[in-house]
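Here the structure is laid out as structure tokens; the discussion comes afterwards.
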Amino acid sequence: MERPLSPFMIPVWYRFQITSALSILHRLAGIALALGSILLVWWLVSVAAGGELFRATHAFIASPVGMLLLFGWSIAFFYHLCNGLRHLAWDAGYGFEIHNAYRSGYAVLAATALLTVLTWLYVLLA
Amino acid sequence: MAKASSLSNSTALRDETVLRRVRQLGSARDGLGEWRLQRLTAVALIPLGLYFAASILWLAKSDQTTAAAWLSSPVTALLVILFLLAGLAHALVGLRSVLLDYVHTRARLIAAQLLIRAAAIILGGAGVLAVLKLFLGR
């Protein structure tokens, strides 16, 4: 039998747990946000450059693909923010009890959904 | 040409680690500094991220003139630069920890680390230059 290595433990060695799923999601959201920094800098450069570059960038962001990307990044941003607060609380020594870890996990999911919905309601209605 | 040692190729040790092991200087880890940087930037990114997200929402339907005027004001320019740099530093630590978990070959690990560092430096430089251009040109 192969010795288990740290990644890819979940389907084979462990049953599904919300805590480990949220942990992986935190990383995935972080990677997504790191990729988003490319668009962020691109947008800053386009504002500085102005003219055709800004129009093209703006058109891309306002296109269906651009909006879908922004929607994904908004989920990633709010999730990584809320779960990051959870991590900071752990770093400070709070919330390690299993039932608290589960409870804060569900709270993070609820807060992410709420913040994302409110944000897009504002975008679509305002 | 014979390979000097299989150790450095079979594991993903960092240069500093190998050298420090040879010199018996003890731990070559700089994990604490990285850990601190990740938490420090995380705390800074809470207000900076919320500020930037709120501003983007406010700017969502604005034209280039409005966005340029917003970016060229001193407080905005400073906060956006800080947000960008804190975000990139935070991303670099995070991406590196992902690489250390998943990339088990030394050459690939070094190449990937060089790539993300170069990307972060280029993005940071370009973003700061863009904001500075607007701020200095106001």
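The chains in the structure tokens are called A, B, ... from first to last as shown; in each chain the residues are counted from 1, and the ligands are counted from 1 in the order shown.
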- Message: Could you work out which residues of chain A fall inside 7 Å of chain B? Count only C-alpha atoms, and format the result as a PyMOL selection string.
- Response: chain A and resi 31+34+38+41+44-45+47-48+50+54
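The residue set within 12 Å of Gly66 of chain A, counting only C-alpha atoms and dropping same-chain residues fewer than 6 places from it, reads Gly36, Leu39, Ala56, Thr57, His58, Ala59, Phe60, Gly72 and Trp73 of chain A.
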- Task: Find the residue from A:Arg55, A:Trp43, A:Ser37, A:Leu109 that sits nearest to Ala89 of chain B; use only C-alpha atoms when measuring.
- Result: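 For Ala89 of chain B, the nearest of the candidates is A:Ser37.
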- Looking only at alpha helix (DSSP H) from DSSP on the backbone, list the matching residues of chain B as JSON, numbers by chain. {"B": [7, 8, 9, 10, 15, 16, 17, 18, 19, 20, 21, 22, 31, 32, 33, 34, 35, 36, 37, 38, 39, 40, 41, 42, 43, 44, 45, 46, 47, 48, 49, 50, 51, 52, 53, 54, 55, 56, 57, 58, 59, 64, 65, 66, 67, 68, 69, 70, 71, 72, 74, 75, 76, 77, 78, 79, 80, 81, 82, 83, 84, 85, 86, 87, 88, 89, 90, 91, 92, 93, 94, 95, 96, 97, 98, 99, 100, 101, 102, 106, 107, 108, 109, 110, 111, 112, 113, 114, 115, 116, 117, 118, 119, 120, 121, 122, 123, 124, 125, 126, 127, 128, 129, 130, 131, 132, 133, 134, 135, 136]}
Could you write out that same residue set with C-alpha atoms as a short mmCIF file (atom, residue, chain, number, x, y, z; two decimals), in the first residue's frame?
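Output file again_39.cif follows:
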data_model
loop_
_atom_site.label_atom_id
_atom_site.label_comp_id
_atom_site.auth_asym_id
_atom_site.auth_seq_id
_atom_site.Cartn_x
_atom_site.Cartn_y
_atom_site.Cartn_z
CA LEU B 7 19.31 14.53 -1.96
CA SER B 8 18.64 17.87 -3.57
CA ASN B 9 16.85 16.28 -6.50
CA SER B 10 14.74 13.77 -4.64
CA ASP B 15 18.81 26.25 -1.25
CA GLU B 16 19.15 27.78 2.19
CA THR B 17 18.08 24.55 3.81
CA VAL B 18 20.71 22.50 2.04
CA LEU B 19 23.47 24.98 2.81
CA ARG B 20 22.47 25.29 6.43
CA ARG B 21 22.33 21.52 6.82
CA VAL B 22 25.85 21.24 5.42
CA GLY B 31 8.40 29.99 8.49
CA LEU B 32 7.79 32.40 11.34
CA GLY B 33 8.55 35.46 9.23
CA GLU B 34 6.31 34.16 6.48
CA TRP B 35 3.57 33.25 8.96
CA ARG B 36 3.73 36.76 10.41
CA LEU B 37 3.71 38.41 6.98
CA GLN B 38 0.64 36.40 6.00
CA ARG B 39 -1.25 37.42 9.17
CA LEU B 40 -0.08 41.03 9.05
CA THR B 41 -1.20 41.43 5.44
CA ALA B 42 -4.42 39.54 6.23
CA VAL B 43 -5.32 42.04 8.95
CA ALA B 44 -4.38 44.98 6.71
CA LEU B 45 -6.44 43.53 3.85
CA ILE B 46 -9.67 43.49 5.88
CA PRO B 47 -10.20 47.28 5.78
CA LEU B 48 -8.25 47.77 2.52
CA GLY B 49 -10.19 45.02 0.73
CA LEU B 50 -13.56 46.28 1.96
CA TYR B 51 -12.61 49.83 0.96
CA PHE B 52 -11.55 48.71 -2.51
CA ALA B 53 -14.60 46.48 -3.03
CA ALA B 54 -16.95 49.27 -1.96
CA SER B 55 -15.17 51.74 -4.25
CA ILE B 56 -15.38 49.37 -7.22
CA LEU B 57 -19.11 48.99 -6.60
CA TRP B 58 -19.47 52.75 -6.49
CA LEU B 59 -17.41 53.08 -9.69
CA GLN B 64 -12.79 56.65 -17.39
CA THR B 65 -12.78 60.29 -16.25
CA THR B 66 -14.51 59.45 -12.97
CA ALA B 67 -12.26 56.45 -12.34
CA ALA B 68 -9.14 58.49 -13.14
CA ALA B 69 -10.28 61.32 -10.86
CA TRP B 70 -10.96 58.84 -8.07
CA LEU B 71 -7.55 57.16 -8.44
CA SER B 72 -5.65 60.44 -8.59
CA PRO B 74 -4.03 61.30 -2.61
CA VAL B 75 -5.93 59.14 -0.09
CA THR B 76 -7.28 56.82 -2.78
CA ALA B 77 -3.90 56.54 -4.50
CA LEU B 78 -2.24 55.59 -1.20
CA LEU B 79 -4.95 53.10 -0.18
CA VAL B 80 -5.08 51.44 -3.61
CA ILE B 81 -1.28 51.07 -3.69
CA LEU B 82 -1.31 49.62 -0.17
CA PHE B 83 -4.17 47.28 -1.09
CA LEU B 84 -2.33 46.08 -4.17
CA LEU B 85 1.01 45.53 -2.42
CA ALA B 86 -0.53 43.88 0.67
CA GLY B 87 -2.65 41.69 -1.59
CA LEU B 88 0.28 40.60 -3.74
CA ALA B 89 2.48 39.87 -0.69
CA HIS B 90 -0.37 37.89 0.86
CA ALA B 91 -0.94 36.02 -2.41
CA LEU B 92 2.75 35.25 -2.75
CA VAL B 93 2.94 33.62 0.70
CA GLY B 94 -0.28 31.71 0.05
CA LEU B 95 0.63 30.51 -3.44
CA ARG B 96 4.06 29.48 -2.21
CA SER B 97 2.55 27.33 0.52
CA VAL B 98 0.36 25.67 -2.10
CA LEU B 99 3.42 25.02 -4.28
CA LEU B 100 5.34 23.56 -1.32
CA ASP B 101 2.46 21.12 -0.75
CA TYR B 102 1.94 20.00 -4.33
CA ARG B 106 13.10 20.65 -6.76
CA ALA B 107 13.57 22.06 -10.25
CA ARG B 108 9.85 22.53 -10.78
CA LEU B 109 9.43 24.07 -7.34
CA ILE B 110 12.16 26.64 -7.98
CA ALA B 111 10.79 27.42 -11.44
CA ALA B 112 7.26 27.86 -10.10
CA GLN B 113 8.44 30.08 -7.26
CA LEU B 114 10.44 32.24 -9.67
CA LEU B 115 7.37 32.52 -11.88
CA ILE B 116 4.97 33.64 -9.14
CA ARG B 117 7.56 36.06 -7.72
CA ALA B 118 8.20 37.56 -11.14
CA ALA B 119 4.45 37.84 -11.76
CA ALA B 120 3.91 39.55 -8.41
CA ILE B 121 6.76 42.02 -9.01
CA ILE B 122 5.54 42.85 -12.52
CA LEU B 123 1.93 43.26 -11.37
CA GLY B 124 2.95 45.33 -8.36
CA GLY B 125 5.24 47.54 -10.44
CA ALA B 126 2.66 48.07 -13.19
CA GLY B 127 -0.15 48.80 -10.74
CA VAL B 128 1.91 51.26 -8.69
CA LEU B 129 3.12 53.02 -11.85
CA ALA B 130 -0.45 53.32 -13.13
CA VAL B 131 -1.70 54.88 -9.88
CA LEU B 132 1.37 57.14 -9.62
CA LYS B 133 0.84 58.36 -13.17
CA LEU B 134 -2.69 59.43 -12.32
CA PHE B 135 -1.70 60.86 -8.92
CA LEU B 136 1.31 62.83 -10.21
#
